[in-house]
$ cat work_6.cif   # mmCIF, C-alpha atoms (C1' of nucleotides)
data_coords
#
loop_
_atom_site.group_PDB
_atom_site.id
_atom_site.type_symbol
_atom_site.label_atom_id
_atom_site.label_comp_id
_atom_site.auth_asym_id
_atom_site.auth_seq_id
_atom_site.Cartn_x
_atom_site.Cartn_y
_atom_site.Cartn_z
ATOM 1 C CA MET S 1 29.882 18.483 13.795
ATOM 2 C CA ASP S 2 31.254 16.057 11.219
ATOM 3 C CA ILE S 3 30.009 12.592 10.358
ATOM 4 C CA LYS S 4 32.419 10.754 12.624
ATOM 5 C CA GLU S 5 31.450 12.861 15.621
ATOM 6 C CA ARG S 6 27.808 12.355 14.909
ATOM 7 C CA LEU S 7 28.224 8.614 14.763
ATOM 8 C CA GLU S 8 30.017 8.737 18.088
ATOM 9 C CA LEU S 9 27.152 10.743 19.524
ATOM 10 C CA PHE S 10 24.779 8.056 18.252
ATOM 11 C CA VAL S 11 26.844 5.368 19.977
ATOM 12 C CA GLU S 12 26.800 7.409 23.178
ATOM 13 C CA LYS S 13 23.053 7.843 23.082
ATOM 14 C CA CYS S 14 22.534 4.148 22.416
ATOM 15 C CA LYS S 15 24.634 3.219 25.419
ATOM 16 C CA GLU S 16 22.645 5.634 27.574
ATOM 17 C CA LYS S 17 19.363 4.029 26.540
ATOM 18 C CA LYS S 18 20.693 0.474 26.572
ATOM 19 C CA LEU S 19 20.162 0.136 22.845
ATOM 20 C CA LYS S 20 22.537 -2.140 21.022
ATOM 21 C CA ILE S 21 24.885 -0.837 18.404
ATOM 22 C CA THR S 22 24.527 -3.003 15.337
ATOM 23 C CA PRO S 23 26.032 -2.692 11.855
ATOM 24 C CA GLN S 24 22.553 -2.129 10.418
ATOM 25 C CA ARG S 25 21.880 0.789 12.712
ATOM 26 C CA ILE S 26 25.191 2.402 11.955
ATOM 27 C CA ALA S 27 24.593 1.878 8.248
ATOM 28 C CA VAL S 28 21.177 3.543 8.329
ATOM 29 C CA TYR S 29 22.480 6.572 10.155
ATOM 30 C CA GLU S 30 25.517 6.767 7.871
ATOM 31 C CA VAL S 31 23.359 6.804 4.768
ATOM 32 C CA LEU S 32 21.282 9.611 6.252
ATOM 33 C CA LEU S 33 24.357 11.572 7.305
ATOM 34 C CA CYS S 34 25.904 11.302 3.861
ATOM 35 C CA SER S 35 22.769 12.214 1.970
ATOM 36 C CA LYS S 36 21.322 15.611 1.258
ATOM 37 C CA GLU S 37 18.360 14.154 -0.622
ATOM 38 C CA HIS S 38 16.067 13.560 2.351
ATOM 39 C CA PRO S 39 15.692 9.899 1.417
ATOM 40 C CA THR S 40 12.696 7.672 1.964
ATOM 41 C CA VAL S 41 13.005 4.426 3.899
ATOM 42 C CA GLU S 42 13.115 2.559 0.610
ATOM 43 C CA GLU S 43 15.970 4.706 -0.679
ATOM 44 C CA ILE S 44 17.932 4.144 2.520
ATOM 45 C CA TYR S 45 17.231 0.428 2.225
ATOM 46 C CA ASN S 46 18.510 0.280 -1.357
ATOM 47 C CA LYS S 47 21.725 2.099 -0.451
ATOM 48 C CA ILE S 48 22.397 -0.227 2.474
ATOM 49 C CA LYS S 49 21.625 -3.300 0.427
ATOM 50 C CA GLU S 50 24.736 -2.636 -1.660
ATOM 51 C CA ARG S 51 26.864 -3.506 1.352
ATOM 52 C CA TYR S 52 24.495 -5.646 3.425
ATOM 53 C CA PRO S 53 22.426 -7.619 0.916
ATOM 54 C CA TYR S 54 20.378 -9.355 3.600
ATOM 55 C CA VAL S 55 19.189 -6.238 5.385
ATOM 56 C CA SER S 56 15.420 -5.961 5.680
ATOM 57 C CA MET S 57 13.074 -3.057 5.193
ATOM 58 C CA ALA S 58 11.589 -3.678 8.642
ATOM 59 C CA THR S 59 14.968 -3.024 10.233
ATOM 60 C CA VAL S 60 15.302 0.257 8.381
ATOM 61 C CA TYR S 61 11.842 1.287 9.545
ATOM 62 C CA ARG S 62 12.677 0.348 13.096
ATOM 63 C CA THR S 63 15.996 2.177 12.959
ATOM 64 C CA VAL S 64 14.724 5.488 11.613
ATOM 65 C CA GLU S 65 12.131 5.412 14.358
ATOM 66 C CA ILE S 66 14.869 5.027 16.958
ATOM 67 C CA LEU S 67 16.963 7.756 15.365
ATOM 68 C CA GLU S 68 13.965 10.048 15.433
ATOM 69 C CA SER S 69 13.221 9.304 19.071
ATOM 70 C CA LEU S 70 16.860 10.036 19.939
ATOM 71 C CA GLY S 71 16.515 13.395 18.215
ATOM 72 C CA LEU S 72 19.183 12.554 15.634
ATOM 73 C CA VAL S 73 16.995 12.742 12.549
ATOM 74 C CA LYS S 74 13.786 14.516 11.646
ATOM 75 C CA ARG S 75 10.886 13.561 9.432
ATOM 76 C CA VAL S 76 10.345 15.852 6.510
ATOM 77 C CA CYS S 77 6.637 16.454 6.468
ATOM 78 C CA TYR S 78 5.243 16.982 3.031
ATOM 79 C CA TRP S 79 2.495 15.675 0.815
ATOM 80 C CA GLY S 80 4.493 12.951 -0.901
ATOM 81 C CA ASN S 81 3.461 9.319 -0.542
ATOM 82 C CA SER S 82 6.243 8.213 1.751
ATOM 83 C CA THR S 83 7.944 9.792 4.713
ATOM 84 C CA ARG S 84 11.376 11.272 4.168
ATOM 85 C CA TYR S 85 14.134 11.645 6.712
ATOM 86 C CA ASP S 86 16.736 14.319 7.331
ATOM 87 C CA ALA S 87 19.864 13.950 9.457
ATOM 88 C CA ASN S 88 20.361 17.716 9.453
ATOM 89 C CA ILE S 89 18.741 18.710 12.722
ATOM 90 C CA GLU S 90 19.807 22.347 12.769
ATOM 91 C CA GLU S 91 16.902 24.752 12.314
ATOM 92 C CA HIS S 92 16.349 25.033 8.598
ATOM 93 C CA HIS S 93 13.491 24.781 6.161
ATOM 94 C CA HIS S 94 12.610 23.249 2.824
ATOM 95 C CA PHE S 95 11.934 24.330 -0.708
ATOM 96 C CA ILE S 96 9.996 21.677 -2.599
ATOM 97 C CA CYS S 97 9.705 21.637 -6.375
ATOM 98 C CA LEU S 98 6.087 21.301 -7.435
ATOM 99 C CA LYS S 99 7.105 19.470 -10.598
ATOM 100 C CA CYS S 100 9.926 17.063 -9.795
ATOM 101 C CA GLY S 101 9.492 16.940 -6.017
ATOM 102 C CA ILE S 102 13.115 17.606 -5.148
ATOM 103 C CA ILE S 103 13.612 19.042 -1.660
ATOM 104 C CA ARG S 104 16.241 21.692 -1.082
ATOM 105 C CA ASP S 105 17.423 22.902 2.295
ATOM 106 C CA ILE S 106 16.833 26.570 2.984
ATOM 107 C CA HIS S 107 18.654 28.535 5.639
ATOM 108 C CA LEU S 108 16.943 31.823 6.162
ATOM 109 C CA ASN S 109 18.524 33.244 9.292
ATOM 110 C CA GLY S 110 17.344 36.808 9.709
ATOM 111 C CA ASP S 111 15.320 36.981 6.513
ATOM 112 C CA MET S 112 12.405 35.282 8.158
ATOM 113 C CA TYR S 113 10.701 35.818 11.438
ATOM 114 C CA ILE S 114 8.280 33.436 13.081
ATOM 115 C CA PRO S 115 7.084 34.249 16.577
ATOM 116 C CA LYS S 116 7.757 31.748 19.362
ATOM 117 C CA GLU S 117 4.482 32.522 21.056
ATOM 118 C CA ILE S 118 1.027 32.762 19.468
ATOM 119 C CA ASP S 119 -2.243 33.452 21.259
ATOM 120 C CA GLY S 120 -0.599 32.286 24.450
ATOM 121 C CA LEU S 121 0.604 29.049 22.872
ATOM 122 C CA THR S 122 4.287 28.225 22.988
ATOM 123 C CA VAL S 123 5.790 27.098 19.713
ATOM 124 C CA HIS S 124 8.292 24.293 20.278
ATOM 125 C CA SER S 125 9.315 23.862 16.683
ATOM 126 C CA VAL S 126 8.412 25.111 13.243
ATOM 127 C CA ALA S 127 8.410 23.451 9.857
ATOM 128 C CA VAL S 128 8.305 25.761 6.873
ATOM 129 C CA ASN S 129 7.736 24.272 3.449
ATOM 130 C CA MET S 130 8.054 26.561 0.458
ATOM 131 C CA TYR S 131 6.674 25.382 -2.832
ATOM 132 C CA GLY S 132 7.767 26.491 -6.269
ATOM 133 C CA LEU S 133 9.744 25.325 -9.281
ATOM 134 C CA CYS S 134 13.394 24.392 -8.975
ATOM 135 C CA SER S 135 15.886 25.897 -11.407
ATOM 136 C CA SER S 136 15.858 22.784 -13.620
ATOM 137 C CA CYS S 137 12.083 22.605 -13.867
ATOM 138 C CA LYS S 138 11.713 26.339 -14.416
ATOM 139 C CA ASN S 139 12.934 25.920 -18.016
ATOM 140 C CA MET M 1 -17.146 34.790 0.840
ATOM 141 C CA ASP M 2 -19.896 32.807 2.581
ATOM 142 C CA ILE M 3 -20.774 29.150 2.160
ATOM 143 C CA LYS M 4 -23.508 29.723 -0.387
ATOM 144 C CA GLU M 5 -21.241 31.806 -2.597
ATOM 145 C CA ARG M 6 -18.524 29.222 -2.366
ATOM 146 C CA LEU M 7 -20.867 26.468 -3.422
ATOM 147 C CA GLU M 8 -21.927 28.591 -6.386
ATOM 148 C CA LEU M 9 -18.292 29.067 -7.299
ATOM 149 C CA PHE M 10 -17.864 25.308 -7.178
ATOM 150 C CA VAL M 11 -20.819 24.837 -9.517
ATOM 151 C CA GLU M 12 -19.330 27.437 -11.878
ATOM 152 C CA LYS M 13 -15.960 25.739 -11.921
ATOM 153 C CA CYS M 14 -17.543 22.349 -12.549
ATOM 154 C CA LYS M 15 -19.454 23.709 -15.532
ATOM 155 C CA GLU M 16 -16.253 25.194 -16.922
ATOM 156 C CA LYS M 17 -14.455 21.876 -16.710
ATOM 157 C CA LYS M 18 -17.448 19.799 -17.821
ATOM 158 C CA LEU M 19 -17.608 18.093 -14.458
ATOM 159 C CA LYS M 20 -21.013 16.964 -13.291
ATOM 160 C CA ILE M 21 -22.631 18.433 -10.232
ATOM 161 C CA THR M 22 -23.848 15.587 -8.074
ATOM 162 C CA PRO M 23 -25.353 15.523 -4.584
ATOM 163 C CA GLN M 24 -22.301 13.655 -3.310
ATOM 164 C CA ARG M 25 -19.919 16.309 -4.563
ATOM 165 C CA ILE M 26 -21.946 19.101 -3.041
ATOM 166 C CA ALA M 27 -22.143 17.193 0.223
ATOM 167 C CA VAL M 28 -18.381 16.697 0.432
ATOM 168 C CA TYR M 29 -17.656 20.343 -0.207
ATOM 169 C CA GLU M 30 -20.362 21.400 2.235
ATOM 170 C CA VAL M 31 -18.883 19.283 4.999
ATOM 171 C CA LEU M 32 -15.490 20.839 4.372
ATOM 172 C CA LEU M 33 -16.902 24.349 4.260
ATOM 173 C CA CYS M 34 -18.748 23.882 7.548
ATOM 174 C CA SER M 35 -15.835 22.320 9.375
ATOM 175 C CA LYS M 36 -12.901 23.981 11.048
ATOM 176 C CA GLU M 37 -11.400 20.659 12.119
ATOM 177 C CA HIS M 38 -9.430 19.899 8.947
ATOM 178 C CA PRO M 39 -11.181 16.548 8.585
ATOM 179 C CA THR M 40 -9.771 13.365 7.127
ATOM 180 C CA VAL M 41 -11.540 11.621 4.268
ATOM 181 C CA GLU M 42 -13.001 9.179 6.743
ATOM 182 C CA GLU M 43 -14.403 11.977 8.881
ATOM 183 C CA ILE M 44 -15.989 13.592 5.834
ATOM 184 C CA TYR M 45 -17.394 10.212 4.846
ATOM 185 C CA ASN M 46 -18.963 9.663 8.270
ATOM 186 C CA LYS M 47 -20.584 13.089 8.250
ATOM 187 C CA ILE M 48 -22.057 12.562 4.792
ATOM 188 C CA LYS M 49 -23.280 9.100 5.642
ATOM 189 C CA GLU M 50 -25.778 10.624 8.072
ATOM 190 C CA ARG M 51 -27.689 12.045 5.115
ATOM 191 C CA TYR M 52 -26.601 9.744 2.283
ATOM 192 C CA PRO M 53 -26.204 6.301 3.842
ATOM 193 C CA TYR M 54 -25.107 4.694 0.583
ATOM 194 C CA VAL M 55 -22.233 7.038 -0.175
ATOM 195 C CA SER M 56 -18.888 5.339 -0.655
ATOM 196 C CA MET M 57 -15.430 6.205 0.580
ATOM 197 C CA ALA M 58 -14.112 6.025 -2.972
ATOM 198 C CA THR M 59 -16.415 8.849 -3.995
ATOM 199 C CA VAL M 60 -15.172 11.005 -1.146
ATOM 200 C CA TYR M 61 -11.574 10.325 -2.176
ATOM 201 C CA ARG M 62 -12.357 11.164 -5.792
ATOM 202 C CA THR M 63 -14.194 14.327 -4.786
ATOM 203 C CA VAL M 64 -11.531 15.806 -2.533
ATOM 204 C CA GLU M 65 -9.076 15.225 -5.343
ATOM 205 C CA ILE M 66 -11.294 17.216 -7.711
ATOM 206 C CA LEU M 67 -11.785 19.961 -5.146
ATOM 207 C CA GLU M 68 -8.064 20.177 -4.685
ATOM 208 C CA SER M 69 -7.395 20.353 -8.411
ATOM 209 C CA LEU M 70 -9.966 23.145 -8.700
ATOM 210 C CA GLY M 71 -8.102 25.046 -5.999
ATOM 211 C CA LEU M 72 -11.078 24.992 -3.639
ATOM 212 C CA VAL M 73 -9.493 23.002 -0.855
ATOM 213 C CA LYS M 74 -5.959 22.386 0.347
ATOM 214 C CA ARG M 75 -4.275 19.404 1.871
ATOM 215 C CA VAL M 76 -2.932 19.976 5.322
ATOM 216 C CA CYS M 77 0.508 18.487 5.238
ATOM 217 C CA TYR M 78 1.601 17.006 8.512
ATOM 218 C CA TRP M 79 2.991 13.807 9.916
ATOM 219 C CA GLY M 80 -0.316 12.202 10.872
ATOM 220 C CA ASN M 81 -1.392 8.942 9.279
ATOM 221 C CA SER M 82 -4.075 10.276 6.994
ATOM 222 C CA THR M 83 -4.334 13.360 4.848
ATOM 223 C CA ARG M 84 -6.495 16.187 6.119
ATOM 224 C CA TYR M 85 -8.341 18.767 4.054
ATOM 225 C CA ASP M 86 -9.036 22.439 4.568
ATOM 226 C CA ALA M 87 -11.615 24.501 2.689
ATOM 227 C CA ASN M 88 -10.052 27.705 3.964
ATOM 228 C CA ILE M 89 -7.802 28.687 1.087
ATOM 229 C CA GLU M 90 -6.795 32.123 2.342
ATOM 230 C CA GLU M 91 -3.138 32.332 3.341
ATOM 231 C CA HIS M 92 -2.911 31.030 6.861
ATOM 232 C CA HIS M 93 -0.896 28.535 8.819
ATOM 233 C CA HIS M 94 -1.295 25.792 11.374
ATOM 234 C CA PHE M 95 -0.512 25.138 14.975
ATOM 235 C CA ILE M 96 -0.492 21.420 15.710
ATOM 236 C CA CYS M 97 -0.634 20.006 19.216
ATOM 237 C CA LEU M 98 2.119 17.459 19.763
ATOM 238 C CA LYS M 99 -0.024 15.554 22.237
ATOM 239 C CA CYS M 100 -3.602 15.437 20.961
ATOM 240 C CA GLY M 101 -2.938 16.328 17.333
ATOM 241 C CA ILE M 102 -5.542 19.069 17.063
ATOM 242 C CA ILE M 103 -4.841 21.576 14.293
ATOM 243 C CA ARG M 104 -5.577 25.247 14.882
ATOM 244 C CA ASP M 105 -5.579 27.902 12.203
ATOM 245 C CA ILE M 106 -3.070 30.690 12.697
ATOM 246 C CA HIS M 107 -3.306 34.070 11.003
ATOM 247 C CA LEU M 108 -0.077 35.906 11.463
ATOM 248 C CA ASN M 109 -0.338 38.921 9.196
ATOM 249 C CA GLY M 110 2.580 41.229 9.911
ATOM 250 C CA ASP M 111 4.062 39.221 12.752
ATOM 251 C CA MET M 112 5.737 36.860 10.359
ATOM 252 C CA TYR M 113 7.786 37.449 7.277
ATOM 253 C CA ILE M 114 8.736 34.853 4.714
ATOM 254 C CA PRO M 115 10.530 35.989 1.567
ATOM 255 C CA LYS M 116 8.895 35.306 -1.791
ATOM 256 C CA GLU M 117 12.224 34.727 -3.466
ATOM 257 C CA ILE M 118 15.114 32.573 -2.271
ATOM 258 C CA ASP M 119 18.408 31.964 -4.073
ATOM 259 C CA GLY M 120 16.701 33.002 -7.288
ATOM 260 C CA LEU M 121 13.831 30.577 -6.733
ATOM 261 C CA THR M 122 10.296 31.923 -6.725
ATOM 262 C CA VAL M 123 8.127 30.757 -3.876
ATOM 263 C CA HIS M 124 4.578 30.074 -5.075
ATOM 264 C CA SER M 125 3.161 29.099 -1.724
ATOM 265 C CA VAL M 126 4.262 28.473 1.823
ATOM 266 C CA ALA M 127 3.033 26.055 4.448
ATOM 267 C CA VAL M 128 4.056 26.814 8.001
ATOM 268 C CA ASN M 129 3.406 24.223 10.668
ATOM 269 C CA MET M 130 4.049 25.190 14.242
ATOM 270 C CA TYR M 131 4.266 22.456 16.837
ATOM 271 C CA GLY M 132 3.594 22.786 20.531
ATOM 272 C CA LEU M 133 1.017 21.948 23.168
ATOM 273 C CA CYS M 134 -2.539 23.264 22.930
ATOM 274 C CA SER M 135 -4.071 24.965 25.950
ATOM 275 C CA SER M 136 -5.937 21.811 27.000
ATOM 276 C CA CYS M 137 -2.880 19.578 26.813
ATOM 277 C CA LYS M 138 -0.637 22.108 28.533
ATOM 278 C CA ASN M 139 -2.251 21.262 31.875
ATOM 279 C "C1'" DA D 1 23.940 -15.940 29.458
ATOM 280 C "C1'" DT D 2 20.358 -13.176 28.170
ATOM 281 C "C1'" DA D 3 18.173 -9.313 26.690
ATOM 282 C "C1'" DC D 4 17.875 -7.233 22.605
ATOM 283 C "C1'" DC D 5 17.929 -7.262 17.625
ATOM 284 C "C1'" DT D 6 17.343 -9.110 12.868
ATOM 285 C "C1'" DG D 7 15.013 -11.047 8.690
ATOM 286 C "C1'" DC D 8 11.067 -12.944 7.017
ATOM 287 C "C1'" DA D 9 6.410 -13.044 6.112
ATOM 288 C "C1'" DA D 10 1.942 -11.758 7.298
ATOM 289 C "C1'" DA D 11 -1.183 -8.358 8.653
ATOM 290 C "C1'" DG D 12 -2.799 -3.502 8.951
ATOM 291 C "C1'" DG D 13 -4.004 1.139 7.439
ATOM 292 C "C1'" DC D 14 -4.955 4.382 3.949
ATOM 293 C "C1'" DT D 15 -5.731 5.216 -0.857
ATOM 294 C "C1'" DT D 16 -6.512 4.014 -5.709
ATOM 295 C "C1'" DT D 17 -8.573 1.419 -9.416
ATOM 296 C "C1'" DG D 18 -11.673 -1.575 -12.383
ATOM 297 C "C1'" DC D 19 -16.203 -2.634 -13.373
ATOM 298 C "C1'" DG D 20 -21.175 -2.808 -14.168
ATOM 299 C "C1'" DG D 21 -25.047 -0.159 -13.250
ATOM 300 C "C1'" DT D 22 -26.824 4.733 -12.651
ATOM 301 C "C1'" DT D 23 -27.359 9.663 -13.227
ATOM 302 C "C1'" DC D 24 -26.653 14.280 -14.959
ATOM 303 C "C1'" DG D 25 -26.832 17.469 -18.878
ATOM 304 C "C1'" DC X 1 -28.812 9.548 -25.464
ATOM 305 C "C1'" DG X 2 -24.072 9.532 -24.103
ATOM 306 C "C1'" DA X 3 -20.478 10.856 -21.254
ATOM 307 C "C1'" DA X 4 -19.468 11.152 -16.706
ATOM 308 C "C1'" DC X 5 -20.219 9.394 -12.145
ATOM 309 C "C1'" DC X 6 -21.355 6.170 -8.293
ATOM 310 C "C1'" DG X 7 -20.965 2.108 -5.164
ATOM 311 C "C1'" DC X 8 -18.748 -2.025 -4.449
ATOM 312 C "C1'" DA X 9 -14.949 -4.888 -4.056
ATOM 313 C "C1'" DA X 10 -10.357 -5.856 -5.114
ATOM 314 C "C1'" DA X 11 -5.845 -4.432 -5.537
ATOM 315 C "C1'" DG X 12 -1.879 -1.351 -4.370
ATOM 316 C "C1'" DC X 13 1.204 1.112 -1.655
ATOM 317 C "C1'" DC X 14 3.566 2.096 2.681
ATOM 318 C "C1'" DT X 15 4.254 0.759 7.290
ATOM 319 C "C1'" DT X 16 3.889 -2.141 11.429
ATOM 320 C "C1'" DT X 17 3.977 -6.480 13.905
ATOM 321 C "C1'" DG X 18 4.784 -11.459 15.450
ATOM 322 C "C1'" DC X 19 7.930 -14.885 15.598
ATOM 323 C "C1'" DA X 20 12.015 -17.900 15.516
ATOM 324 C "C1'" DG X 21 16.731 -17.613 15.087
ATOM 325 C "C1'" DG X 22 20.930 -14.737 15.754
ATOM 326 C "C1'" DT X 23 23.979 -11.083 17.965
ATOM 327 C "C1'" DA X 24 25.880 -7.648 21.071
ATOM 328 C "C1'" DT X 25 27.214 -6.798 25.815
#
$ encode --input "work_6.cif" --output "structure tokens"
Amino acid sequence: MDIKERLELFVEKCKEKKLKITPQRIAVYEVLLCSKEHPTVEEIYNKIKERYPYVSMATVYRTVEILESLGLVKRVCYWGNSTRYDANIEEHHHFICLKCGIIRDIHLNGDMYIPKEIDGLTVHSVAVNMYGLCSSCKN
Amino acid sequence: MDIKERLELFVEKCKEKKLKITPQRIAVYEVLLCSKEHPTVEEIYNKIKERYPYVSMATVYRTVEILESLGLVKRVCYWGNSTRYDANIEEHHHFICLKCGIIRDIHLNGDMYIPKEIDGLTVHSVAVNMYGLCSSCKN
DNA sequence: ATACCTGCAAAGGCTTTGCGGTTCG
DNA sequence: CGAACCGCAAAGCCTTTGCAGGTAT
């Protein structure tokens, strides 16, 4: 699904839930869709500010929360100070550099196997974080 | 390795690094060693307070940081508000209940396979978080 | 028209830091 | 004795919330 289709899906979902479609909301989702860097709220805010100088951090916080509740973005859970967001919602995992902190998407397909049931508990979703040094920091 | 041996190891490591062995530090590590609940700093603090009423939160924060840097405890990375700590440093993973937030240790052994090398990047460690409903919340 | 949303500023958590007094080695 | 540590309080982030004015439907 490309960016335009995803934005349309967002509009659809907003209509369903009687949420209003505002330029700020579109802008937040657009930044996330165009970024592969798993940005923080502050990074999203700074990007949006270029075009909408009066946008507020609170709006960005409120919007990522909505996007998450609609299932359009995911939090990247890791031990950094601030939460990061990812508009790629296909099953994939993350490689995090222990030195510079960069997060790279990892698609493992058949190379990895994680059971969907453990001790009688059903696993709804899995987050795999791999830690190591990225190619730049390795040298 | 039992609790007593682990405490001795801690003392050893402190001597190596010229860190002082204080009752507060022992108490923090002891609480972590005796707990399977992956406590937050505040929870550790409350436990210690029973025996050392004048202990301060700052000391607990400073101590878990030392323990982490010595490789004796690990942060449990998840999307809760506060960081949790785990004195179990053997390779294992976590099942987190989406409703009540309880964290259960998972030992998968051969049931799960995660490659140690990806796209030429070496994986030093892996954190797997599985999300679902615990047996209590399922009902 | 009105329900919802925004920006601002203030408040709320969790965590870190600076300082004077204390303790371990 | 001296370096390292502790408790306290203040300061620092990141995030959430309340409110008055503005916007989408």
$ residues_around --input "work_6.cif" --residues "DT16 in chain X" --least-positions-apart "5" --cutoff "9 Å" --atoms "only C-alpha atoms (C1' of nucleotides)" --output "PyMOL selection string"
(chain S and resi 58+61) or (chain D and resi 11-12)
$ atom_distance --input "work_6.cif" --atom1 "CA of Val128 in chain S" --atom2 "CA of Val128 in chain M"
4.5 Å
$ residues_near_point --input "work_6.cif" --point "(27.9, -10.7, 23.4)" --cutoff "10 Å" --atoms "all atoms listed in the file" --output "compact mmCIF listing (two decimals) with C-alpha atoms (C1' of nucleotides), in the frame of the given file"
# COMPACT_ATOMS: atom_id res chain seq x y z
C1' DA D 1 23.94 -15.94 29.46
C1' DT D 2 20.36 -13.18 28.17
C1' DT X 23 23.98 -11.08 17.96
C1' DA X 24 25.88 -7.65 21.07
C1' DT X 25 27.21 -6.80 25.82
$ closest_atom_pairs --input "work_6.cif" --of "chain X" --to "chain M" --cutoff "8 Å" --atoms "only C-alpha atoms (C1' of nucleotides)" --output "tab-separated table"
residue	atom	partner	partner_atom	distance
X:DA4	C1'	M:Lys20	CA	6.9
X:DC5	C1'	M:Lys20	CA	7.7
X:DC6	C1'	M:Thr59	CA	7.1
X:DG7	C1'	M:Ser56	CA	5.9
$ resolve_selection --input "work_6.cif" --expression "the PyMOL selection byres ((chain D) within 9 of (chain S))" --output "number ranges by chain"
D: 4-8
$ interface_residues --input "work_6.cif" --of "chain S" --to "chain M" --cutoff "8 Å" --atoms "all atoms listed in the file" --output "list in words"
Arg75, Cys77, Tyr78, Trp79, Asp111, Met112, Tyr113, Ile114, Pro115, Leu121, Thr122, Val123, His124, Ser125, Val126, Ala127, Val128, Asn129, Met130, Tyr131, Gly132, Leu133, Cys134 and Ser135 of chain S
$ closest_residue --input "work_6.cif" --among "X:DG22, X:DC8, X:DT17, X:DG2" --to "DA9 in chain D" --atoms "only C-alpha atoms (C1' of nucleotides)"
X:DT17
$ atom_distance --input "work_6.cif" --atom1 "CA of Cys100 in chain S" --atom2 "CA of Cys137 in chain S"
7.2 Å
$ resolve_selection --input "work_6.cif" --expression "the PyMOL selection byres ((chain M and resi 29-39) around 7)" --output "list of chain:residue names"
M:Ile3, M:Arg25, M:Ile26, M:Ala27, M:Val28, M:Thr40, M:Val41, M:Glu43, M:Ile44, M:Arg84, M:Tyr85, M:Asp86, M:Ala87, M:Ile103
$ atom_distance --input "work_6.cif" --atom1 "C1' of DG13 in chain D" --atom2 "CA of Glu50 in chain M"
23.8 Å
$ residues_around --input "work_6.cif" --residues "DA11 in chain X" --least-positions-apart "4" --cutoff "12 Å" --atoms "only C-alpha atoms (C1' of nucleotides)" --output "list of chain:residue names"
D:DT15, D:DT16, D:DT17, D:DG18
$ residues_around --input "work_6.cif" --residues "Leu9 in chain S" --least-positions-apart "4" --cutoff "12 Å" --atoms "all atoms listed in the file" --output "list in words"
Met1, Asp2, Ile3, Lys4, Glu5, Lys13, Cys14, Lys15, Glu16, Ile21, Ile26, Tyr29, Leu67, Leu70, Gly71 and Leu72 of chain S
